[in-house]
$ cat upload01.pdb   # PDB, C-alpha atoms
ATOM      1  CA  MET A1216     134.371-144.024-129.746
ATOM      2  CA  GLU A1217     131.863-146.791-129.346
ATOM      3  CA  SER A1218     131.203-145.728-125.791
ATOM      4  CA  LEU A1219     129.823-142.453-127.084
ATOM      5  CA  PHE A1220     127.025-144.150-128.997
ATOM      6  CA  PHE A1221     126.040-146.914-126.607
ATOM      7  CA  LYS A1222     124.329-146.353-123.254
ATOM      8  CA  LYS A1223     126.159-147.857-120.416
ATOM      9  CA  SER A1224     123.880-150.536-118.975
ATOM     10  CA  ARG A1225     123.672-150.836-115.218
ATOM     11  CA  SER A1226     123.661-154.068-113.285
ATOM     12  CA  PRO A1227     120.624-154.812-111.084
ATOM     13  CA  SER A1228     122.677-154.260-107.936
ATOM     14  CA  GLU A1229     123.628-150.824-109.099
ATOM     15  CA  ALA A1230     120.015-149.930-109.817
ATOM     16  CA  ALA A1231     118.937-151.100-106.367
ATOM     17  CA  ALA A1232     121.690-149.131-104.714
ATOM     18  CA  GLU A1233     120.450-145.895-106.248
ATOM     19  CA  VAL A1234     118.952-143.673-103.536
ATOM     20  CA  ILE A1235     115.316-142.767-104.023
ATOM     21  CA  ASP A1236     114.551-139.295-102.740
ATOM     22  CA  ILE A1237     111.151-138.798-101.174
ATOM     23  CA  ASP A1238     109.468-135.627-102.252
ATOM     24  CA  VAL A1239     108.766-133.858 -98.948
ATOM     25  CA  THR A1240     107.442-130.679-100.525
ATOM     26  CA  PRO A1241     103.738-131.471 -99.854
ATOM     27  CA  VAL A1242     104.543-132.378 -96.246
ATOM     28  CA  MET A1243     106.363-129.078 -95.795
ATOM     29  CA  ASN A1244     103.385-127.252 -97.282
ATOM     30  CA  VAL A1245     101.131-128.823 -94.652
ATOM     31  CA  PHE A1246     103.557-127.945 -91.877
ATOM     32  CA  ILE A1247     103.866-124.351 -93.011
ATOM     33  CA  ILE A1248     100.096-123.972 -92.738
ATOM     34  CA  LEU A1249      99.565-126.054 -89.599
ATOM     35  CA  ILE A1250     102.335-124.813 -87.343
ATOM     36  CA  PRO A1251     101.471-121.090 -87.294
ATOM     37  CA  PHE A1252      97.870-122.017 -86.575
ATOM     38  CA  LEU A1253      98.855-124.257 -83.661
ATOM     39  CA  ILE A1254     101.258-121.645 -82.314
ATOM     40  CA  SER A1255      98.413-119.128 -82.212
ATOM     41  CA  MET A1256      96.226-121.575 -80.295
ATOM     42  CA  ALA A1257      98.866-122.891 -77.912
ATOM     43  CA  VAL A1258      98.493-122.196 -74.207
ATOM     44  CA  PHE A1259     101.815-122.133 -72.430
ATOM     45  CA  THR A1260     100.708-120.957 -68.990
ATOM     46  CA  HIS A1261      97.760-122.585 -67.330
ATOM     47  CA  LEU A1262      95.688-120.380 -65.079
ATOM     48  CA  SER A1263      93.196-121.294 -62.435
ATOM     49  CA  ILE A1264      91.305-119.492 -59.690
ATOM     50  CA  ILE A1265      90.763-119.920 -55.979
ATOM     51  CA  GLU A1266      87.424-118.708 -54.695
ATOM     52  CA  PHE A1267      87.143-117.466 -51.171
ATOM     53  CA  SER A1268      85.009-115.217 -49.055
ATOM     54  CA  LEU A1269      85.307-112.600 -46.350
ATOM     55  CA  PRO A1270      83.725-114.130 -43.256
ATOM     56  CA  PRO A1271      81.189-111.822 -41.602
ATOM     57  CA  ASN A1272      82.342-112.990 -38.176
ATOM     58  CA  VAL A1273      85.729-114.533 -37.774
ATOM     59  CA  GLY A1274      85.547-118.081 -36.438
ATOM     60  CA  VAL A1275      81.857-118.034 -35.614
ATOM     61  CA  GLY A1276      78.890-119.699 -37.325
ATOM     62  CA  LEU A1277      75.437-120.125 -35.893
ATOM     63  CA  ASP A1278      73.951-123.525 -35.248
ATOM     64  CA  GLU A1279      70.294-122.661 -35.705
ATOM     65  CA  ALA A1280      69.023-125.970 -34.370
ATOM     66  CA  ALA A1281      70.785-125.803 -31.039
ATOM     67  CA  GLY A1282      70.939-122.011 -30.808
ATOM     68  CA  LYS A1283      74.627-122.199 -29.954
ATOM     69  CA  PRO A1284      77.444-120.728 -32.007
ATOM     70  CA  LYS A1285      79.251-123.285 -34.143
ATOM     71  CA  LEU A1286      82.936-122.643 -34.293
ATOM     72  CA  LYS A1287      85.080-123.031 -37.364
ATOM     73  CA  LEU A1288      88.717-123.945 -37.293
ATOM     74  CA  THR A1289      90.962-120.946 -37.679
ATOM     75  CA  ILE A1290      94.478-121.025 -39.048
ATOM     76  CA  VAL A1291      96.633-118.126 -37.979
ATOM     77  CA  VAL A1292      99.454-117.409 -40.414
ATOM     78  CA  ALA A1293     102.269-115.468 -38.766
ATOM     79  CA  LYS A1294     105.865-114.892 -39.741
ATOM     80  CA  LYS A1295     107.359-117.550 -37.484
ATOM     81  CA  TYR A1296     104.545-120.011 -36.964
ATOM     82  CA  LEU A1297     101.223-121.391 -38.160
ATOM     83  CA  ALA A1298      98.610-121.974 -35.500
ATOM     84  CA  ILE A1299      95.384-123.952 -35.587
ATOM     85  CA  SER A1300      92.780-122.733 -33.158
ATOM     86  CA  HIS A1301      89.165-123.504 -32.411
ATOM     87  CA  GLY A1302      87.489-120.503 -30.893
ATOM     88  CA  GLU A1303      89.682-119.427 -28.012
ATOM     89  CA  ASN A1304      91.514-122.752 -27.806
ATOM     90  CA  LEU A1305      94.896-123.125 -29.424
ATOM     91  CA  LEU A1306      95.058-126.652 -30.841
ATOM     92  CA  ASP A1307      98.364-126.794 -32.691
ATOM     93  CA  SER A1308     101.342-124.572 -33.296
ATOM     94  CA  ILE A1309     103.642-125.303 -36.230
ATOM     95  CA  PRO A1310     106.981-123.501 -36.539
ATOM     96  CA  VAL A1311     107.970-122.132 -39.917
ATOM     97  CA  ASN A1312     110.981-124.292 -40.771
ATOM     98  CA  GLY A1313     110.526-125.398 -44.369
ATOM     99  CA  ASN A1314     108.180-128.299 -43.606
ATOM    100  CA  GLU A1315     105.363-126.258 -42.157
ATOM    101  CA  TYR A1316     102.907-126.872 -44.987
ATOM    102  CA  GLU A1317     103.203-130.646 -44.852
ATOM    103  CA  GLU A1318     102.853-130.493 -41.090
ATOM    104  CA  LEU A1319      99.814-128.230 -41.456
ATOM    105  CA  TYR A1320      98.214-130.677 -43.862
ATOM    106  CA  LYS A1321      98.642-133.586 -41.439
ATOM    107  CA  LYS A1322      97.305-131.584 -38.498
ATOM    108  CA  LEU A1323      94.299-130.428 -40.476
ATOM    109  CA  LEU A1324      93.462-133.965 -41.529
ATOM    110  CA  ALA A1325      93.500-135.004 -37.880
ATOM    111  CA  ARG A1326      91.554-131.987 -36.602
ATOM    112  CA  ARG A1327      88.918-132.274 -39.290
ATOM    113  CA  GLU A1328      87.675-135.511 -37.783
ATOM    114  CA  THR A1329      86.572-133.809 -34.595
ATOM    115  CA  ALA A1330      85.650-130.367 -35.966
ATOM    116  CA  ASP A1331      82.073-129.090 -35.822
ATOM    117  CA  ILE A1332      82.268-127.719 -39.346
ATOM    118  CA  ARG A1333      84.241-129.978 -41.656
ATOM    119  CA  ASP A1334      84.178-128.167 -44.956
ATOM    120  CA  GLU A1335      84.873-124.614 -43.943
ATOM    121  CA  LEU A1336      87.546-122.774 -42.055
ATOM    122  CA  VAL A1337      89.077-119.348 -41.686
ATOM    123  CA  VAL A1338      92.631-118.335 -42.520
ATOM    124  CA  ALA A1339      93.716-115.329 -40.468
ATOM    125  CA  VAL A1340      96.851-113.781 -41.924
ATOM    126  CA  ALA A1341      99.313-111.315 -40.460
ATOM    127  CA  ASP A1342      99.860-108.150 -42.490
ATOM    128  CA  ALA A1343     103.454-108.790 -43.513
ATOM    129  CA  ILE A1344     102.889-112.265 -44.925
ATOM    130  CA  PRO A1345     103.524-112.493 -48.698
ATOM    131  CA  PHE A1346     100.615-113.542 -50.788
ATOM    132  CA  GLN A1347     102.284-116.738 -52.009
ATOM    133  CA  GLN A1348     102.360-118.063 -48.451
ATOM    134  CA  VAL A1349      98.668-117.380 -48.105
ATOM    135  CA  ILE A1350      98.021-119.362 -51.275
ATOM    136  CA  ASN A1351     100.166-122.236 -49.985
ATOM    137  CA  VAL A1352      98.115-122.400 -46.793
ATOM    138  CA  MET A1353      94.849-122.281 -48.748
ATOM    139  CA  ASP A1354      96.069-125.115 -50.958
ATOM    140  CA  ARG A1355      96.769-127.300 -47.931
ATOM    141  CA  CYS A1356      93.370-126.489 -46.481
ATOM    142  CA  ARG A1357      91.698-127.531 -49.698
ATOM    143  CA  ASP A1358      93.761-130.712 -49.869
ATOM    144  CA  ALA A1359      92.691-131.564 -46.326
ATOM    145  CA  GLY A1360      89.029-131.369 -47.342
ATOM    146  CA  PHE A1361      88.095-127.816 -46.425
ATOM    147  CA  GLU A1362      86.514-126.613 -49.643
ATOM    148  CA  LYS A1363      85.428-123.211 -48.373
ATOM    149  CA  VAL A1364      88.055-120.872 -47.067
ATOM    150  CA  GLY A1365      87.483-117.466 -45.535
ATOM    151  CA  LEU A1366      90.287-114.924 -45.386
ATOM    152  CA  SER A1367      90.662-112.665 -42.425
ATOM    153  CA  SER A1368      93.215-110.552 -40.647
ATOM    154  CA  ALA A1369      95.252-112.083 -37.847
ATOM    155  CA  PRO A1370      94.983-110.871 -34.241
ATOM    156  CA  GLU A1371      97.397-108.226 -33.063
ATOM    157  CA  GLU A1372      99.551-110.612 -31.062
ATOM    158  CA  ALA A1373     100.268-112.596 -34.229
ATOM    159  CA  GLU A1374     101.420-109.397 -35.917
ATOM    160  CA  ARG A1375     104.030-108.831 -33.249
ATOM    161  CA  LEU A1376     105.535-112.326 -33.372
TER     162      LEU A1376
ATOM    163  CA  MET B 396     135.695-132.760-131.646
ATOM    164  CA  LYS B 397     137.011-132.229-128.206
ATOM    165  CA  GLN B 398     134.088-129.888-127.410
ATOM    166  CA  ARG B 399     131.631-132.419-128.814
ATOM    167  CA  LYS B 400     133.173-135.059-126.535
ATOM    168  CA  GLN B 401     132.675-132.843-123.564
ATOM    169  CA  PHE B 402     129.040-132.258-124.433
ATOM    170  CA  SER B 403     128.515-135.955-124.938
ATOM    171  CA  ALA B 404     130.149-136.708-121.559
ATOM    172  CA  LEU B 405     127.749-134.394-119.773
ATOM    173  CA  HIS B 406     124.687-135.923-121.361
ATOM    174  CA  GLU B 407     125.939-139.488-121.369
ATOM    175  CA  ASN B 408     122.916-140.933-119.578
ATOM    176  CA  GLY B 409     120.440-138.893-121.580
ATOM    177  CA  GLU B 410     119.620-136.821-118.509
ATOM    178  CA  PRO B 411     120.358-133.163-117.966
ATOM    179  CA  ASP B 412     122.927-132.085-115.439
ATOM    180  CA  ALA B 413     121.996-132.863-111.756
ATOM    181  CA  VAL B 414     119.355-130.508-110.336
ATOM    182  CA  PHE B 415     120.248-129.007-106.969
ATOM    183  CA  ARG B 416     117.779-130.182-104.338
ATOM    184  CA  PRO B 417     118.133-128.897-100.795
ATOM    185  CA  GLN B 418     118.023-131.555 -98.105
ATOM    186  CA  LEU B 419     114.656-131.130 -96.386
ATOM    187  CA  THR B 420     114.828-134.261 -94.277
ATOM    188  CA  SER B 421     116.284-132.575 -91.210
ATOM    189  CA  LEU B 422     113.822-129.695 -91.572
ATOM    190  CA  VAL B 423     110.952-132.165 -91.653
ATOM    191  CA  ASP B 424     112.329-133.757 -88.469
ATOM    192  CA  VAL B 425     112.294-130.401 -86.705
ATOM    193  CA  MET B 426     108.809-129.620 -87.963
ATOM    194  CA  THR B 427     107.507-132.978 -86.781
ATOM    195  CA  ILE B 428     108.825-132.483 -83.265
ATOM    196  CA  LEU B 429     107.438-128.943 -83.203
ATOM    197  CA  LEU B 430     104.083-130.203 -84.401
ATOM    198  CA  VAL B 431     103.888-132.851 -81.687
ATOM    199  CA  PHE B 432     104.724-130.284 -79.019
ATOM    200  CA  LEU B 433     102.166-127.786 -80.296
ATOM    201  CA  ILE B 434      99.427-130.408 -80.514
ATOM    202  CA  GLN B 435     100.134-131.212 -76.881
ATOM    203  CA  SER B 436      99.805-127.504 -76.006
ATOM    204  CA  PHE B 437      96.708-126.997 -78.085
ATOM    205  CA  SER B 438      93.723-125.655 -76.209
ATOM    206  CA  VAL B 439      90.252-125.397 -77.707
ATOM    207  CA  GLU B 440      88.891-122.898 -75.227
ATOM    208  CA  GLY B 441      92.016-120.793 -75.207
ATOM    209  CA  THR B 442      92.642-118.346 -72.424
ATOM    210  CA  LEU B 443      89.583-116.497 -71.208
ATOM    211  CA  VAL B 444      91.539-114.426 -68.725
ATOM    212  CA  THR B 445      94.764-112.646 -69.606
ATOM    213  CA  PRO B 446      97.139-112.152 -66.688
ATOM    214  CA  ALA B 447      98.771-108.779 -66.285
ATOM    215  CA  PRO B 448     102.235-108.823 -67.850
ATOM    216  CA  ASP B 449     104.085-107.156 -64.986
ATOM    217  CA  LEU B 450     102.771-109.457 -62.268
ATOM    218  CA  THR B 451     104.246-112.729 -61.075
ATOM    219  CA  LEU B 452     101.190-114.690 -60.069
ATOM    220  CA  PRO B 453     101.421-117.140 -57.174
ATOM    221  CA  VAL B 454     101.575-120.851 -57.927
ATOM    222  CA  SER B 455      98.810-123.088 -56.664
ATOM    223  CA  THR B 456      97.449-126.621 -56.928
ATOM    224  CA  ALA B 457      93.973-125.252 -57.680
ATOM    225  CA  ILE B 458      92.362-126.602 -60.834
ATOM    226  CA  GLU B 459      89.216-124.521 -61.207
ATOM    227  CA  PRO B 460      89.355-122.753 -64.579
ATOM    228  CA  ALA B 461      89.532-118.995 -64.739
ATOM    229  CA  LYS B 462      86.378-117.124 -65.671
ATOM    230  CA  PRO B 463      86.154-113.570 -66.955
ATOM    231  CA  LYS B 464      85.182-111.205 -64.154
ATOM    232  CA  LEU B 465      85.925-107.680 -63.111
ATOM    233  CA  ALA B 466      89.650-107.821 -62.464
ATOM    234  CA  ILE B 467      91.697-105.889 -59.959
ATOM    235  CA  GLU B 468      95.456-106.099 -60.437
ATOM    236  CA  ILE B 469      97.716-105.575 -57.453
ATOM    237  CA  SER B 470     101.420-105.065 -57.951
ATOM    238  CA  GLN B 471     104.096-103.999 -55.493
ATOM    239  CA  SER B 472     103.581-100.349 -56.452
ATOM    240  CA  TYR B 473     100.001 -99.785 -57.487
ATOM    241  CA  VAL B 474      96.499-101.093 -57.841
ATOM    242  CA  LEU B 475      94.994-100.978 -61.281
ATOM    243  CA  SER B 476      92.006-102.177 -63.222
ATOM    244  CA  GLY B 477      91.312-102.150 -66.930
ATOM    245  CA  GLY B 478      94.780-100.766 -67.587
ATOM    246  CA  THR B 479      94.172 -97.714 -65.407
ATOM    247  CA  ILE B 480      96.143 -97.084 -62.228
ATOM    248  CA  ILE B 481      93.636 -96.493 -59.494
ATOM    249  CA  ALA B 482      95.822 -96.072 -56.443
ATOM    250  CA  TYR B 483      99.453 -96.275 -55.400
ATOM    251  CA  THR B 484     100.194 -98.693 -52.551
ATOM    252  CA  ASP B 485     102.529 -96.301 -50.769
ATOM    253  CA  ALA B 486      99.640 -93.871 -50.416
ATOM    254  CA  PHE B 487      97.346 -96.183 -48.464
ATOM    255  CA  LYS B 488      99.316 -99.076 -46.960
ATOM    256  CA  THR B 489      99.991 -97.279 -43.679
ATOM    257  CA  SER B 490      96.674 -95.499 -43.506
ATOM    258  CA  ASP B 491      94.542 -95.975 -40.387
ATOM    259  CA  SER B 492      91.468 -96.631 -42.452
ATOM    260  CA  LEU B 493      91.218 -99.845 -44.443
ATOM    261  CA  LEU B 494      89.171 -98.105 -47.119
ATOM    262  CA  ILE B 495      90.959 -96.987 -50.299
ATOM    263  CA  PRO B 496      88.896 -94.011 -51.498
ATOM    264  CA  ALA B 497      89.933 -94.037 -55.149
ATOM    265  CA  LEU B 498      89.306 -97.763 -55.452
ATOM    266  CA  TYR B 499      85.983 -97.452 -53.657
ATOM    267  CA  ASP B 500      84.765 -94.796 -56.104
ATOM    268  CA  TYR B 501      85.901 -96.899 -59.038
ATOM    269  CA  MET B 502      84.168-100.040 -57.781
ATOM    270  CA  ILE B 503      80.919 -98.165 -57.175
ATOM    271  CA  VAL B 504      80.924 -97.066 -60.811
ATOM    272  CA  GLN B 505      81.736-100.583 -62.007
ATOM    273  CA  LYS B 506      78.962-102.116 -59.924
ATOM    274  CA  ALA B 507      76.423 -99.761 -61.437
ATOM    275  CA  ALA B 508      77.553-100.757 -64.927
ATOM    276  CA  TYR B 509      76.623-104.404 -64.440
ATOM    277  CA  ASP B 510      73.033-105.324 -65.226
ATOM    278  CA  ASP B 511      73.406-108.868 -63.964
ATOM    279  CA  SER B 512      73.182-108.760 -60.191
ATOM    280  CA  LYS B 513      75.248-111.912 -59.741
ATOM    281  CA  ARG B 514      78.140-110.706 -61.831
ATOM    282  CA  ALA B 515      77.946-107.387 -60.062
ATOM    283  CA  GLN B 516      79.226-109.094 -56.899
ATOM    284  CA  GLU B 517      82.215-110.950 -58.345
ATOM    285  CA  VAL B 518      85.775-109.724 -58.389
ATOM    286  CA  LEU B 519      88.871-111.436 -59.732
ATOM    287  CA  ILE B 520      92.061-110.388 -57.986
ATOM    288  CA  GLN B 521      95.383-110.711 -59.767
ATOM    289  CA  SER B 522      98.128-110.122 -57.273
ATOM    290  CA  ASP B 523     101.867-110.422 -57.399
ATOM    291  CA  ARG B 524     103.037-113.274 -55.211
ATOM    292  CA  GLU B 525     105.273-111.011 -53.111
ATOM    293  CA  VAL B 526     102.602-108.464 -52.253
ATOM    294  CA  ALA B 527     102.023-108.266 -48.499
ATOM    295  CA  PHE B 528      98.676-109.367 -47.157
ATOM    296  CA  ASN B 529      98.163-105.875 -45.753
ATOM    297  CA  ILE B 530      97.634-104.498 -49.270
ATOM    298  CA  LEU B 531      95.327-107.328 -50.243
ATOM    299  CA  LYS B 532      93.317-106.923 -47.070
ATOM    300  CA  ARG B 533      92.647-103.264 -47.814
ATOM    301  CA  VAL B 534      91.669-103.959 -51.409
ATOM    302  CA  MET B 535      89.248-106.701 -50.373
ATOM    303  CA  TYR B 536      87.761-104.535 -47.646
ATOM    304  CA  THR B 537      87.217-101.689 -50.110
ATOM    305  CA  CYS B 538      85.610-104.003 -52.653
ATOM    306  CA  SER B 539      83.312-105.487 -50.028
ATOM    307  CA  ARG B 540      82.240-102.028 -48.951
ATOM    308  CA  ALA B 541      81.377-101.279 -52.568
ATOM    309  CA  GLY B 542      79.134-104.347 -52.664
ATOM    310  CA  PHE B 543      81.413-107.013 -54.103
ATOM    311  CA  VAL B 544      81.240-110.069 -51.891
ATOM    312  CA  ASP B 545      82.499-112.917 -54.074
ATOM    313  CA  PHE B 546      86.241-112.959 -54.505
ATOM    314  CA  SER B 547      88.514-115.172 -56.487
ATOM    315  CA  VAL B 548      92.251-115.031 -56.969
ATOM    316  CA  LEU B 549      94.038-115.807 -60.214
ATOM    317  CA  VAL B 550      96.919-118.234 -59.818
ATOM    318  CA  LEU B 551      99.308-120.184 -61.974
ATOM    319  CA  LYS B 552      98.462-123.840 -62.056
ATOM    320  CA  GLU B 553     101.243-125.933 -60.627
ATOM    321  CA  GLU B 554     102.499-128.404 -63.237
TER     322      GLU B 554
END
$ encode --input "upload01.pdb" --output "structure tokens"
Amino acid sequence: MESLFFKKSRSPSEAAAEVIDIDVTPVMNVFIILIPFLISMAVFTHLSIIEFSLPPNVGVGLDEAAGKPKLKLTIVVAKKYLAISHGENLLDSIPVNGNEYEELYKKLLARRETADIRDELVVAVADAIPFQQVINVMDRCRDAGFEKVGLSSAPEEAERL
Amino acid sequence: MKQRKQFSALHENGEPDAVFRPQLTSLVDVMTILLVFLIQSFSVEGTLVTPAPDLTLPVSTAIEPAKPKLAIEISQSYVLSGGTIIAYTDAFKTSDSLLIPALYDYMIVQKAAYDDSKRAQEVLIQSDREVAFNILKRVMYTCSRAGFVDFSVLVLKEE
């Protein structure tokens, strides 16, 4: 009977043990507003561009001072090999074996030292080559220091191989 | 008396019966992680160029940002621009001539619509990564014949 009229007093340890709930309602309100806004502004795929040109004459540039044609390096992209040529001279031939792009990069770095034109070259591609392979070759050319890339069609003998 | 006891037992501490509060702690955890991820993906400039949904763009290490230009989309089956199919690849890929007549006519009209002479020479090509170079070659040749000399290709940035 007495317990009905007297409040049960709690010891200090019991009061400290009581869990204090944080009111997260305002935080949730902020999240509900912020997250749809950020979702609308999020960019999940990053796009970029590669600029290139169609060379008026494949592999030939004019050295106005000397009056002689200045030759650009040409990379021939065929199904079974990648070839680096300078005018009529074949400099390197790289078989397509899974490591061709790394090999191409190293060869280009070496050939760039002795090339007449060091920032420009031509990529001549066979008709059946998928576009991704063309992009891979252009990436390696850019990595090797050739900022300007011209796209052209490969000679007929490259089409047959 | 018994009922009074029961009432007194419920209100013993002077407080009403416990209010049901859903546990929001785990929800706040999820929201916090989502927020951090979305802040990391946040982009002020957004996407100026929208890739075509049915194309798988090639992946590249290029970092130059995409700019809005006249876009030509090349898939395995057709060439289109502005949502309109201009030509089907089967119709021209084995042709002796590199010129694609329908595309040429379209590009001539587009060139005339540009007042800015610089922009009138720029074309952005969106091509599927598996499209053969033969198709691309013909499209570029046709565009160059129509007066477009500056080309750029849209690629996915390699992460």
$ closest_atom_pairs --input "upload01.pdb" --of "chain B" --to "chain A" --cutoff "6 Å" --atoms "all atoms listed in the file" --output "CSV"
residue,atom,partner,partner_atom,distance
B:Leu433,CA,A:Leu1253,CA,5.9
B:Ser436,CA,A:Ala1257,CA,5.1
B:Phe437,CA,A:Ala1257,CA,4.6
B:Pro453,CA,A:Gln1347,CA,5.3
B:Ile458,CA,A:Ser1263,CA,5.6
B:Glu459,CA,A:Ser1263,CA,5.3
B:Pro460,CA,A:Ser1263,CA,4.6
B:Ala461,CA,A:Ser1263,CA,4.9
B:Arg524,CA,A:Gln1347,CA,4.8
B:Glu525,CA,A:Pro1345,CA,5.0
B:Val526,CA,A:Pro1345,CA,5.5
B:Ala527,CA,A:Pro1345,CA,4.5
B:Phe528,CA,A:Asp1342,CA,5.0
B:Asn529,CA,A:Asp1342,CA,4.3
B:Phe546,CA,A:Phe1267,CA,5.7
B:Ser547,CA,A:Glu1266,CA,4.1
B:Val548,CA,A:Ile1265,CA,5.2
B:Leu549,CA,A:Ile1264,CA,4.6
B:Val550,CA,A:Ser1263,CA,5.5
B:Leu551,CA,A:Leu1262,CA,4.8
B:Lys552,CA,A:Leu1262,CA,5.4
$ closest_residue --input "upload01.pdb" --among "A:Val1338, A:Ile1290, A:Ile1248, A:Leu1297" --to "Gly1313 (chain A)" --atoms "only C-alpha atoms"
A:Leu1297
$ closest_residue --input "upload01.pdb" --among "A:Pro1241, A:Gly1365, A:Pro1310, A:Gly1302" --to "Val544 (chain B)" --atoms "only C-alpha atoms"
A:Gly1365
$ resolve_selection --input "upload01.pdb" --expression "the PyMOL selection byres ((chain A and resi 1359) around 10)" --output "PyMOL selection string"
chain A and resi 1319-1327+1333-1334+1353-1358+1360-1362
$ atom_distance --input "upload01.pdb" --atom1 "CA of Gly542 (chain B)" --atom2 "CA of Leu465 (chain B)"
12.9 Å
$ residues_near_point --input "upload01.pdb" --point "(102.8, -124.5, -40.8)" --cutoff "8 Å" --atoms "all atoms listed in the file" --output "list in words"
Val1292, Tyr1296, Leu1297, Ala1298, Ser1308, Ile1309, Pro1310, Val1311, Asn1314, Glu1315, Tyr1316, Glu1317, Glu1318, Leu1319 and Val1352 of chain A
$ write_last_selection --input "upload01.pdb" --atoms "C-alpha atoms" --output "PDB file, in the coordinates of the input"
ATOM      1  CA  VAL A1292      99.454-117.409 -40.414  1.00  0.00           C
ATOM      2  CA  TYR A1296     104.545-120.011 -36.964  1.00  0.00           C
ATOM      3  CA  LEU A1297     101.223-121.391 -38.160  1.00  0.00           C
ATOM      4  CA  ALA A1298      98.610-121.974 -35.500  1.00  0.00           C
ATOM      5  CA  SER A1308     101.342-124.572 -33.296  1.00  0.00           C
ATOM      6  CA  ILE A1309     103.642-125.303 -36.230  1.00  0.00           C
ATOM      7  CA  PRO A1310     106.981-123.501 -36.539  1.00  0.00           C
ATOM      8  CA  VAL A1311     107.970-122.132 -39.917  1.00  0.00           C
ATOM      9  CA  ASN A1314     108.180-128.299 -43.606  1.00  0.00           C
ATOM     10  CA  GLU A1315     105.363-126.258 -42.157  1.00  0.00           C
ATOM     11  CA  TYR A1316     102.907-126.872 -44.987  1.00  0.00           C
ATOM     12  CA  GLU A1317     103.203-130.646 -44.852  1.00  0.00           C
ATOM     13  CA  GLU A1318     102.853-130.493 -41.090  1.00  0.00           C
ATOM     14  CA  LEU A1319      99.814-128.230 -41.456  1.00  0.00           C
ATOM     15  CA  VAL A1352      98.115-122.400 -46.793  1.00  0.00           C
TER      16      VAL A1352
END
$ residues_around --input "upload01.pdb" --residues "Asn1304 (chain A)" --least-positions-apart "4" --cutoff "10 Å" --atoms "all atoms listed in the file" --output "JSON, numbers by chain"
{"A": [1288, 1299, 1300]}
$ atom_distance --input "upload01.pdb" --atom1 "CA of Ile480 (chain B)" --atom2 "CA of Ala447 (chain B)"
12.7 Å
$ atom_distance --input "upload01.pdb" --atom1 "CA of Gln516 (chain B)" --atom2 "CA of Ser539 (chain B)"
8.8 Å
$ axis_aligned_box --input "upload01.pdb" --around "region 451-461 of chain B" --padding-each-side "3 Å" --output "lines of an AutoDock Vina configuration file"
center_x = 96.7
center_y = -119.7
center_z = -60.7
size_x = 21.0
size_y = 19.9
size_z = 14.1
$ closest_residue --input "upload01.pdb" --among "B:Val444, B:Ala508, B:Val423, B:Leu430" --to "Ala466 (chain B)" --atoms "only C-alpha atoms"
B:Val444
$ resolve_selection --input "upload01.pdb" --expression "the PyMOL selection byres ((chain B and resi 464) around 7)" --output "PyMOL selection string"
chain B and resi 462-463+465-466+517-519
$ residues_around --input "upload01.pdb" --residues "His1301 (chain A)" --least-positions-apart "4" --cutoff "9 Å" --atoms "all atoms listed in the file" --output "number ranges by chain"
A: 1274, 1286-1290, 1305-1306, 1330
$ resolve_selection --input "upload01.pdb" --expression "the PyMOL selection byres ((chain B and resi 489-504) around 10)" --output "number ranges by chain"
B: 465, 467, 474-476, 480-488, 505-509, 515, 518, 529-530, 532-543
